[in-house]
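Engineer: One file: work-v4.cif (mmCIF, C-alpha atoms and all ligand atoms).
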```
data_structure
#
loop_
_atom_site.label_atom_id
_atom_site.label_comp_id
_atom_site.auth_asym_id
_atom_site.auth_seq_id
_atom_site.Cartn_x
_atom_site.Cartn_y
_atom_site.Cartn_z
CA MET A 1 2.73 7.06 -21.78
CA ALA A 2 0.74 3.89 -21.37
CA THR A 3 -2.39 2.22 -20.14
CA LEU A 4 -2.25 -1.31 -18.83
CA GLN A 5 -4.90 -3.95 -18.27
CA VAL A 6 -4.83 -7.28 -16.56
CA LYS A 7 -7.82 -9.40 -17.54
CA ASN A 8 -9.11 -12.58 -15.84
CA LEU A 9 -5.56 -13.54 -15.05
CA THR A 10 -4.86 -16.86 -13.37
CA LYS A 11 -1.49 -18.34 -12.47
CA ASN A 12 -0.66 -21.76 -11.07
CA PHE A 13 2.63 -23.04 -9.76
CA GLY A 14 2.10 -26.80 -10.00
CA PRO A 15 -1.16 -27.59 -8.22
CA THR A 16 -1.24 -24.25 -6.37
CA GLN A 17 -3.24 -21.37 -7.76
CA VAL A 18 -1.31 -18.26 -6.72
CA LEU A 19 -3.29 -15.69 -8.74
CA LYS A 20 -7.06 -16.06 -9.09
CA GLN A 21 -8.99 -14.17 -11.74
CA ILE A 22 -7.14 -10.88 -11.37
CA ASN A 23 -8.69 -7.86 -13.12
CA ILE A 24 -6.94 -4.50 -12.96
CA ASP A 25 -7.35 -1.53 -15.27
CA ILE A 26 -4.57 1.05 -14.99
CA SER A 27 -4.90 4.48 -16.61
CA ASP A 28 -2.10 6.43 -18.18
CA GLY A 29 0.04 8.15 -15.54
CA GLU A 30 -1.37 6.23 -12.60
CA PHE A 31 0.67 5.16 -9.60
CA LEU A 32 -0.88 1.83 -8.72
CA VAL A 33 0.36 0.09 -5.59
CA LEU A 34 -0.08 -3.67 -5.13
CA LEU A 35 -0.31 -4.07 -1.37
CA GLY A 36 -0.53 -7.32 0.55
CA PRO A 37 1.20 -9.69 2.94
CA SER A 38 4.21 -11.76 1.93
CA GLY A 39 3.27 -14.68 -0.33
CA CYS A 40 -0.02 -13.23 -1.62
CA GLY A 41 1.20 -13.14 -5.23
CA LYS A 42 2.37 -9.53 -5.73
CA SER A 43 5.75 -10.33 -7.28
CA THR A 44 4.23 -13.04 -9.45
CA LEU A 45 1.74 -10.52 -10.85
CA LEU A 46 4.47 -7.93 -11.43
CA ASN A 47 6.69 -10.52 -13.13
CA ILE A 48 3.82 -11.49 -15.42
CA ILE A 49 3.31 -7.84 -16.37
CA ALA A 50 7.06 -7.58 -17.09
CA GLY A 51 6.96 -10.75 -19.18
CA LEU A 52 9.30 -12.66 -16.86
CA GLU A 53 6.61 -15.19 -16.00
CA THR A 54 3.90 -16.86 -18.14
CA VAL A 55 0.18 -17.00 -17.36
CA ASN A 56 -2.24 -19.94 -17.24
CA GLU A 57 -5.30 -17.95 -18.20
CA GLY A 58 -6.12 -14.38 -19.05
CA GLU A 59 -4.16 -11.56 -20.64
CA VAL A 60 -2.04 -8.51 -20.10
CA ARG A 61 -2.66 -5.54 -22.39
CA ILE A 62 -0.42 -2.52 -22.83
CA ASN A 63 -1.96 0.36 -24.77
CA ASP A 64 -4.72 -2.07 -25.69
CA HIS A 65 -2.40 -4.61 -27.30
CA VAL A 66 -2.25 -8.09 -25.82
CA VAL A 67 1.39 -8.66 -24.85
CA ASN A 68 1.22 -12.23 -23.50
CA LYS A 69 3.61 -13.39 -26.22
CA VAL A 70 5.78 -10.26 -26.35
CA GLU A 71 9.33 -10.64 -25.00
CA PRO A 72 10.17 -8.64 -21.84
CA LYS A 73 12.69 -6.48 -23.72
CA ASP A 74 10.04 -5.53 -26.28
CA ARG A 75 7.41 -4.43 -23.75
CA ASN A 76 8.96 -1.02 -23.09
CA ILE A 77 8.80 -1.64 -19.37
CA ALA A 78 11.56 -1.10 -16.80
CA MET A 79 11.68 -2.90 -13.51
CA VAL A 80 13.43 -2.06 -10.24
CA PHE A 81 13.96 -5.03 -7.93
CA GLN A 82 14.28 -5.28 -4.17
CA SER A 83 17.77 -6.75 -4.62
CA TYR A 84 18.76 -3.89 -7.02
CA ALA A 85 20.34 -6.53 -9.34
CA LEU A 86 23.36 -4.35 -10.22
CA TYR A 87 26.40 -5.86 -11.96
CA PRO A 88 29.09 -5.90 -9.23
CA SER A 89 32.05 -5.70 -11.61
CA MET A 90 30.74 -2.70 -13.55
CA THR A 91 30.98 0.95 -12.56
CA VAL A 92 27.88 2.93 -11.70
CA ARG A 93 28.14 4.56 -15.11
CA ASP A 94 28.18 1.22 -16.94
CA ASN A 95 25.41 -0.16 -14.77
CA ILE A 96 23.18 2.79 -15.60
CA LEU A 97 23.96 2.68 -19.31
CA PHE A 98 23.83 -1.12 -19.67
CA GLY A 99 20.39 -1.28 -21.27
CA LEU A 100 21.06 1.64 -23.59
CA LYS A 101 24.35 0.14 -24.82
CA GLN A 102 22.60 -3.12 -25.61
CA ARG A 103 20.15 -1.19 -27.73
CA LYS A 104 23.02 0.52 -29.50
CA THR A 105 21.85 3.98 -28.45
CA PRO A 106 23.95 6.83 -29.95
CA GLN A 107 26.78 7.93 -27.64
CA GLU A 108 25.60 11.52 -27.29
CA GLU A 109 22.09 10.48 -26.32
CA MET A 110 23.53 8.10 -23.70
CA GLU A 111 25.71 10.84 -22.23
CA ASN A 112 22.82 13.28 -22.04
CA SER A 113 20.58 10.75 -20.32
CA LEU A 114 23.32 9.77 -17.91
CA GLN A 115 23.96 13.40 -16.97
CA HIS A 116 20.31 14.22 -16.60
CA PHE A 117 19.24 11.24 -14.49
CA SER A 118 22.41 10.85 -12.41
CA LYS A 119 21.96 14.49 -11.32
CA MET A 120 18.28 13.97 -10.65
CA LEU A 121 19.08 10.95 -8.48
CA LYS A 122 22.12 12.58 -6.84
CA VAL A 123 24.58 9.90 -7.96
CA ASP A 124 26.45 12.06 -10.49
CA HIS A 125 29.53 12.14 -8.21
CA LEU A 126 29.61 8.31 -7.96
CA LEU A 127 29.76 7.33 -11.62
CA GLN A 128 33.22 5.72 -11.46
CA ARG A 129 32.51 3.63 -8.37
CA LYS A 130 31.51 -0.03 -8.28
CA PRO A 131 28.30 -1.13 -6.48
CA GLY A 132 30.36 -2.61 -3.61
CA GLN A 133 31.61 0.90 -2.79
CA LEU A 134 28.10 2.31 -2.39
CA SER A 135 25.65 2.46 0.50
CA GLY A 136 22.27 0.71 0.23
CA GLY A 137 20.52 3.96 -0.59
CA GLN A 138 23.04 4.83 -3.31
CA ARG A 139 22.68 1.38 -4.88
CA GLN A 140 18.94 1.86 -4.91
CA ARG A 141 19.35 5.18 -6.72
CA VAL A 142 21.65 3.58 -9.31
CA ALA A 143 19.10 0.81 -9.90
CA MET A 144 16.48 3.49 -10.45
CA GLY A 145 18.81 5.39 -12.76
CA ARG A 146 19.25 2.30 -14.88
CA ALA A 147 15.48 2.03 -15.21
CA LEU A 148 14.95 5.75 -15.85
CA VAL A 149 17.48 6.22 -18.68
CA ARG A 150 15.53 3.74 -20.75
CA LYS A 151 12.53 6.10 -20.72
CA PRO A 152 10.08 3.23 -20.48
CA GLU A 153 6.33 3.57 -20.85
CA VAL A 154 5.73 1.73 -17.58
CA PHE A 155 7.83 1.42 -14.43
CA LEU A 156 7.53 -1.63 -12.23
CA PHE A 157 8.93 -1.56 -8.70
CA ASP A 158 9.14 -4.68 -6.54
CA GLU A 159 9.61 -3.66 -2.89
CA PRO A 160 12.43 -1.31 -3.90
CA LEU A 161 12.87 0.17 -0.43
CA SER A 162 12.64 -2.86 1.81
CA ASN A 163 16.41 -3.22 2.20
CA LEU A 164 16.87 0.34 3.41
CA ASP A 165 16.78 1.60 6.98
CA ALA A 166 13.66 3.40 8.17
CA LYS A 167 14.90 6.96 7.66
CA LEU A 168 16.27 6.33 4.18
CA ARG A 169 13.09 4.52 3.25
CA VAL A 170 11.05 7.62 3.97
CA GLU A 171 13.48 9.80 2.01
CA MET A 172 13.45 7.51 -1.02
CA ARG A 173 9.68 7.24 -0.87
CA HIS A 174 9.56 11.01 -1.11
CA GLU A 175 11.96 10.94 -4.09
CA ILE A 176 9.95 8.29 -5.92
CA LYS A 177 6.78 10.30 -5.46
CA LYS A 178 8.48 13.42 -6.84
CA LEU A 179 9.83 11.39 -9.73
CA HIS A 180 6.33 10.26 -10.59
CA GLU A 181 5.06 13.83 -10.47
CA GLN A 182 7.89 15.01 -12.74
CA LEU A 183 7.73 12.19 -15.28
CA GLY A 184 4.02 11.35 -15.18
CA THR A 185 4.88 7.79 -16.25
CA THR A 186 2.56 4.91 -15.36
CA MET A 187 3.99 3.12 -12.33
CA ILE A 188 3.12 -0.15 -10.63
CA TYR A 189 4.68 -0.57 -7.22
CA VAL A 190 4.67 -3.66 -5.01
CA THR A 191 4.94 -3.38 -1.25
CA HIS A 192 3.78 -5.04 1.95
CA ASP A 193 4.13 -1.70 3.75
CA GLN A 194 0.78 0.02 4.08
CA VAL A 195 2.29 3.42 4.88
CA GLU A 196 4.30 3.30 1.66
CA ALA A 197 1.16 2.33 -0.21
CA MET A 198 -0.91 5.12 1.32
CA SER A 199 1.65 7.81 0.67
CA LEU A 200 2.59 6.87 -2.91
CA ALA A 201 -0.49 5.50 -4.60
CA THR A 202 -3.10 7.14 -6.74
CA ARG A 203 -4.88 3.79 -6.27
CA ILE A 204 -4.15 0.78 -4.10
CA ALA A 205 -4.97 -2.82 -5.01
CA VAL A 206 -5.07 -4.74 -1.74
CA MET A 207 -4.26 -8.42 -2.34
CA ASP A 208 -4.65 -11.50 -0.20
CA GLU A 209 -4.11 -15.12 -1.20
CA GLY A 210 -3.99 -14.39 -4.92
CA ILE A 211 -7.17 -12.30 -4.95
CA VAL A 212 -7.57 -8.54 -5.31
CA GLN A 213 -9.65 -7.71 -2.24
CA GLN A 214 -10.22 -4.04 -3.02
CA ILE A 215 -8.92 -1.56 -5.53
CA ASP A 216 -9.53 2.10 -4.87
CA SER A 217 -7.98 5.41 -3.83
CA PRO A 218 -5.95 5.39 -0.59
CA GLU A 219 -8.70 7.45 1.08
CA VAL A 220 -11.48 5.00 0.21
CA VAL A 221 -9.37 1.97 1.14
CA TYR A 222 -8.71 3.56 4.53
CA ASP A 223 -12.14 5.05 5.23
CA ARG A 224 -14.40 2.47 3.63
CA PRO A 225 -12.61 -0.89 3.66
CA GLU A 226 -14.56 -3.63 1.90
CA SER A 227 -13.54 -6.41 4.26
CA VAL A 228 -12.09 -7.12 7.69
CA PHE A 229 -8.87 -8.10 5.94
CA VAL A 230 -8.46 -4.72 4.22
CA ALA A 231 -9.51 -2.77 7.32
CA ASP A 232 -7.00 -4.61 9.43
CA PHE A 233 -4.13 -4.56 6.93
CA VAL A 234 -4.27 -0.80 6.37
CA GLY A 235 -3.67 1.66 9.22
CA SER A 236 -1.32 1.81 12.17
CA PRO A 237 -2.11 1.29 15.00
CA SER A 238 -4.59 -1.25 13.62
CA ILE A 239 -8.29 -0.59 13.48
CA ASN A 240 -10.16 -1.70 16.62
CA MET A 241 -12.63 -4.52 15.95
CA ILE A 242 -15.45 -4.81 18.46
CA PRO A 243 -17.44 -8.05 18.11
CA GLY A 244 -21.14 -7.67 18.81
CA LYS A 245 -24.70 -7.87 17.52
CA LEU A 246 -26.92 -5.41 15.73
CA VAL A 247 -30.01 -4.18 17.52
CA VAL A 248 -32.71 -2.41 15.53
CA GLU A 249 -35.42 -0.62 17.51
CA GLY A 250 -37.52 1.66 15.33
CA SER A 251 -35.18 4.27 13.93
CA LEU A 252 -32.40 3.38 16.35
CA VAL A 253 -29.68 1.02 15.14
CA ALA A 254 -26.97 0.07 17.62
CA VAL A 255 -24.16 -2.41 18.11
CA VAL A 256 -24.28 -4.28 21.41
CA PRO A 257 -20.76 -5.56 22.15
CA ASP A 258 -20.47 -9.25 23.08
CA ALA A 259 -18.25 -8.18 25.97
CA GLN A 260 -20.82 -5.82 27.53
CA SER A 261 -24.49 -6.42 26.74
CA SER A 262 -25.68 -3.35 28.66
CA LEU A 263 -23.83 -1.05 26.24
CA LYS A 264 -25.48 0.15 23.05
CA ILE A 265 -23.21 1.88 20.57
CA PRO A 266 -25.55 3.88 18.32
CA VAL A 267 -24.79 3.54 14.58
CA SER A 268 -28.04 4.92 13.12
CA GLY A 269 -26.11 7.33 10.89
CA TYR A 270 -24.06 4.53 9.30
CA GLU A 271 -24.70 3.94 5.60
CA PHE A 272 -25.79 0.31 5.63
CA ARG A 273 -25.78 -1.36 2.23
CA GLU A 274 -28.90 -3.33 3.09
CA ALA A 275 -31.50 -2.70 5.77
CA PRO A 276 -29.85 -3.75 9.07
CA ARG A 277 -31.43 -6.71 10.87
CA SER A 278 -31.51 -7.28 14.61
CA GLY A 279 -29.35 -10.15 15.76
CA THR A 280 -26.79 -9.98 12.93
CA GLY A 281 -23.33 -10.82 14.26
CA VAL A 282 -21.00 -7.95 13.39
CA LEU A 283 -17.54 -6.55 13.88
CA LEU A 284 -17.58 -2.83 14.55
CA GLY A 285 -14.37 -1.34 13.16
CA VAL A 286 -13.22 1.87 14.85
CA ARG A 287 -10.05 3.59 13.69
CA PRO A 288 -7.86 4.71 16.64
CA GLU A 289 -8.32 8.39 15.72
CA CYS A 290 -12.11 7.94 15.89
CA LEU A 291 -12.01 7.06 19.59
CA MET A 292 -11.41 10.16 21.66
CA PRO A 293 -12.00 11.59 25.11
CA GLN A 294 -15.23 13.48 25.52
CA SER A 295 -14.72 17.13 26.31
CA SER A 296 -16.52 18.24 29.47
CA SER A 297 -18.86 20.54 27.53
CA GLU A 298 -20.11 17.76 25.27
CA GLN A 299 -23.47 16.19 26.04
CA THR A 300 -24.09 12.91 24.28
CA GLU A 301 -26.54 10.16 25.08
CA PHE A 302 -23.92 7.54 24.43
CA GLN A 303 -21.80 6.98 27.52
CA LEU A 304 -18.60 4.98 27.48
CA SER A 305 -16.00 5.29 30.22
CA LEU A 306 -12.91 3.12 30.12
CA PRO A 307 -9.70 2.84 32.14
CA VAL A 308 -6.34 3.64 30.52
CA SER A 309 -4.09 0.54 30.53
CA LEU A 310 -1.08 1.68 28.47
CA ILE A 311 0.36 4.88 27.00
CA GLU A 312 2.84 4.79 24.10
CA LEU A 313 4.44 7.92 22.73
CA THR A 314 5.05 7.94 18.96
CA GLY A 315 6.38 11.50 18.60
CA HIS A 316 3.75 14.14 18.19
CA GLU A 317 1.04 11.63 19.10
CA GLN A 318 0.25 9.07 21.75
CA ASN A 319 -1.36 5.67 21.38
CA ILE A 320 -3.55 5.16 24.41
CA THR A 321 -4.77 1.65 25.15
CA PHE A 322 -8.00 1.32 27.14
CA ASN A 323 -9.42 -1.75 28.77
CA PHE A 324 -12.68 -2.47 26.96
CA TYR A 325 -14.38 -5.02 29.21
CA GLY A 326 -11.42 -7.37 29.11
CA ALA A 327 -10.28 -6.58 25.55
CA GLU A 328 -7.99 -3.78 24.37
CA ILE A 329 -9.09 -0.78 22.40
CA VAL A 330 -6.60 1.79 21.15
CA SER A 331 -7.01 5.51 20.65
CA ARG A 332 -4.58 7.82 18.86
CA LEU A 333 -4.43 11.25 20.42
CA PRO A 334 -2.31 14.35 20.07
CA ARG A 335 0.32 14.73 22.77
CA GLY A 336 -0.26 17.04 25.65
CA ASN A 337 -3.28 15.39 27.19
CA GLN A 338 -2.88 14.68 30.88
CA LEU A 339 -3.94 11.03 30.80
CA LYS A 340 -2.27 8.50 33.12
CA VAL A 341 -2.50 4.72 33.38
CA GLY A 342 -5.51 3.90 35.56
CA ASP A 343 -7.51 7.05 34.72
CA VAL A 344 -11.11 6.31 33.80
CA VAL A 345 -11.93 8.42 30.76
CA PRO A 346 -15.32 9.28 29.21
CA LEU A 347 -14.98 8.50 25.51
CA ASN A 348 -16.71 9.33 22.27
CA ILE A 349 -16.69 7.31 19.09
CA ASP A 350 -16.73 9.37 15.90
CA LEU A 351 -19.46 7.43 14.17
CA GLY A 352 -18.67 9.05 10.84
CA GLY A 353 -15.50 6.99 10.81
CA VAL A 354 -16.70 3.49 11.65
CA SER A 355 -16.98 0.44 9.41
CA ILE A 356 -19.31 -2.47 10.12
CA PHE A 357 -18.61 -5.99 8.90
CA ASP A 358 -20.70 -9.16 8.96
CA SER A 359 -18.93 -11.49 11.38
CA THR A 360 -19.50 -14.53 9.15
CA SER A 361 -18.72 -13.20 5.66
CA ARG A 362 -16.25 -10.64 7.07
CA LYS A 363 -17.45 -8.22 4.37
CA ARG A 364 -18.61 -4.65 4.84
CA ILE A 365 -22.36 -4.37 5.36
P1 LIG A 401 4.69 -11.93 -2.79
O1 LIG A 401 5.52 -11.20 -3.77
O2 LIG A 401 3.34 -11.32 -2.56
O3 LIG A 401 5.40 -12.15 -1.48
P2 LIG A 401 4.99 -14.16 -4.62
O4 LIG A 401 4.33 -13.68 -5.86
O5 LIG A 401 6.47 -14.12 -4.58
O6 LIG A 401 4.37 -13.40 -3.36
O7 LIG A 401 4.55 -15.65 -4.32
C1 LIG A 401 3.21 -16.07 -4.31
C2 LIG A 401 3.16 -17.57 -4.02
O8 LIG A 401 3.69 -18.29 -5.10
C3 LIG A 401 3.94 -17.98 -2.80
O9 LIG A 401 3.23 -18.98 -2.13
C4 LIG A 401 5.23 -18.52 -3.39
O10 LIG A 401 5.79 -19.48 -2.54
C5 LIG A 401 4.77 -19.11 -4.69
N1 LIG A 401 5.80 -19.06 -5.75
C6 LIG A 401 6.40 -17.95 -6.22
N2 LIG A 401 7.25 -18.23 -7.21
C7 LIG A 401 7.21 -19.57 -7.38
C8 LIG A 401 7.86 -20.50 -8.25
N3 LIG A 401 8.72 -20.08 -9.20
N4 LIG A 401 7.54 -21.81 -8.12
C9 LIG A 401 6.65 -22.24 -7.20
N5 LIG A 401 6.01 -21.43 -6.35
C10 LIG A 401 6.26 -20.10 -6.43
MG MG A 402 7.45 -10.39 -3.52
#
```
What is this structure when it is put down as structure tokens?
Structural biologist:
Amino acid sequence: MATLQVKNLTKNFGPTQVLKQINIDISDGEFLVLLGPSGCGKSTLLNIIAGLETVNEGEVRINDHVVNKVEPKDRNIAMVFQSYALYPSMTVRDNILFGLKQRKTPQEEMENSLQHFSKMLKVDHLLQRKPGQLSGGQRQRVAMGRALVRKPEVFLFDEPLSNLDAKLRVEMRHEIKKLHEQLGTTMIYVTHDQVEAMSLATRIAVMDEGIVQQIDSPEVVYDRPESVFVADFVGSPSINMIPGKLVVEGSLVAVVPDAQSSLKIPVSGYEFREAPRSGTGVLLGVRPECLMPQSSSEQTEFQLSLPVSLIELTGHEQNITFNFYGAEIVSRLPRGNQLKVGDVVPLNIDLGGVSIFDSTSRKRI
């Protein structure tokens, strides 16, 4: 069981600053996901936590002890890599037990651990095979087994599922989540896949260009993104961004889209952080599920009718693209509606689900 803190951490590679003043406080038993695009510094941060990389400024604390100078092997951390990093000439059994043998763990304890975790990971029938005789998913399980038998205080995962096909990725994601629920061990998990982040994390730290942009529960990151970057990175299909200007008339606050100045999208119920000012350039973020056809019985003052330009089936849902005065706006709807390309559809925006950003600072307002 362990808590972990990263304080004012900065990392340079030569003249390039790849991590900038990172602060993260991880409670015991948390599943923290570091989410961000390729090259934003996720692996570097994970490697620093593991002790595989040094820092320029700042510190890493485990259970309130600064570990900057502690060797990786003495940090009681286990890491699972994207590449699995198994020894090709060793059997599954020897791969899993490698760390324990090095620590001169008693034979009986090793056997018990091997039995327990190889069963849990469903590789108990593969113990005599070599990694080359395993599928990608099986190799991944062996790599996890090797980490698990060490009973570390913290697990670090660096994109462990990115080499697996889509179906297996979902299965393994499910297994990792169950594992976390069973073990309750603190986990830090790196991914560029927002669905993985949403489904696994107790909290997500969204990173971009070496900066933590937002750190919060998956729900808050999705519903109340702090910036255009976070809003856009999380969610599929992507959030719709409607550029426009704020209009404040008495108690009415509305967004007038740049593309259609006769339209006023009322946002009076939105929780502005500061009093809204007329003329402010904004981006109105509307999640696809917040844009839906108006039912015939509904009477709203806000009228928006748009033509359907594309319909994509995703399974139990459809992504419907509408032509929004020359731009595209996407709605996610349950299947079974009768919409066809070319239909002009009266639409509602669920204003409880919108986010408004300043178009210059690109921050939530
Ligand atoms: P991520 O894991 O988010 O894809 P990385 O942490 O691997 O990103 O890399 C962050 C940045 O640091 C990238 O621009 C990468 O090219 C650079 N970088 C990573 N490792 C090194 C290194 N050993 N030497 C120089 N630059 C590096
Ligand atoms: Mg990486």
Engineer: Given 3 Å of margin on each side, can you work out the centre and size in Å (one decimal) of an axis-aligned box holding every listed atom of segment 309-319 of chain A, as JSON?
Structural biologist:
```
{"center_x": 1.1, "center_y": 7.3, "center_z": 24.4, "size_x": 16.5, "size_y": 19.6, "size_z": 18.3}
```
Engineer: Enumerate residues in contact with ligand MG 402 (chain A): an atom-to-atom distance of at most 8 Å, counting all atoms listed in the file. Format the result as a PDB file with C-alpha atoms, in the coordinates of the input.
Structural biologist:
```pdb
ATOM      1  CA  SER A  38       4.210 -11.760   1.930  1.00  0.00           C
ATOM      2  CA  GLY A  39       3.270 -14.680  -0.330  1.00  0.00           C
ATOM      3  CA  GLY A  41       1.200 -13.140  -5.230  1.00  0.00           C
ATOM      4  CA  LYS A  42       2.370  -9.530  -5.730  1.00  0.00           C
ATOM      5  CA  SER A  43       5.750 -10.330  -7.280  1.00  0.00           C
ATOM      6  CA  THR A  44       4.230 -13.040  -9.450  1.00  0.00           C
ATOM      7  CA  ASP A 158       9.140  -4.680  -6.540  1.00  0.00           C
ATOM      8  CA  GLU A 159       9.610  -3.660  -2.890  1.00  0.00           C
ATOM      9  CA  VAL A 190       4.670  -3.660  -5.010  1.00  0.00           C
ATOM     10  CA  THR A 191       4.940  -3.380  -1.250  1.00  0.00           C
TER      11      THR A 191
END
```
Engineer: Do you have the atom O9 of ligand LIG 401 (chain A)-atom CA of Arg75 of chain A distance handy?
Structural biologist: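 Taking atom O9 of ligand LIG 401 (chain A) and atom CA of Arg75 of chain A, their separation equals 26.4 Å.
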Engineer: Do a neighbour search on Leu97 of chain A at 9 Å with all atoms listed in the file, toss out local chain neighbours closer than 2 positions, and write the hits as a list of chain:residue names.
Structural biologist: A:Val92, A:Arg93, A:Asp94, A:Asn95, A:Gly99, A:Leu100, A:Lys101, A:Gln102, A:Met110, A:Glu111, A:Ser113, A:Leu114, A:Gly145, A:Arg146, A:Val149, A:Arg150
Engineer: When you draw a straight line from atom CA of Leu46 of chain A to atom CA of Ser27 of chain A, how long is it in Å?
Structural biologist: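 Answer for the atom CA of Leu46 of chain A to atom CA of Ser27 of chain A separation: 16.4 Å.
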Engineer: So, with only C-alpha atoms as the atoms that count, which of A:Phe31, A:Phe357, A:Tyr84, A:Phe13 lies closest to Met187 of chain A?
Structural biologist: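 Selected residue with least distance to Met187 of chain A: A:Phe31.
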Engineer: At a cut-off of 12 Å, using all atoms listed in the file, what residues contact Leu126 of chain A? Leave out same-chain residues fewer than 5 positions from it and give the result as a CSV table (one decimal) with C-alpha atoms, in the frame of the given file.
Structural biologist:
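Okay, result.csv is ready:
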```csv
chain,number,residue,atom,x,y,z
A,91,THR,CA,31.0,1.0,-12.6
A,92,VAL,CA,27.9,2.9,-11.7
A,93,ARG,CA,28.1,4.6,-15.1
A,94,ASP,CA,28.2,1.2,-16.9
A,95,ASN,CA,25.4,-0.2,-14.8
A,96,ILE,CA,23.2,2.8,-15.6
A,114,LEU,CA,23.3,9.8,-17.9
A,115,GLN,CA,24.0,13.4,-17.0
A,118,SER,CA,22.4,10.8,-12.4
A,119,LYS,CA,22.0,14.5,-11.3
A,121,LEU,CA,19.1,11.0,-8.5
A,131,PRO,CA,28.3,-1.1,-6.5
A,132,GLY,CA,30.4,-2.6,-3.6
A,133,GLN,CA,31.6,0.9,-2.8
A,134,LEU,CA,28.1,2.3,-2.4
A,135,SER,CA,25.6,2.5,0.5
A,138,GLN,CA,23.0,4.8,-3.3
A,139,ARG,CA,22.7,1.4,-4.9
A,141,ARG,CA,19.4,5.2,-6.7
A,142,VAL,CA,21.6,3.6,-9.3
```
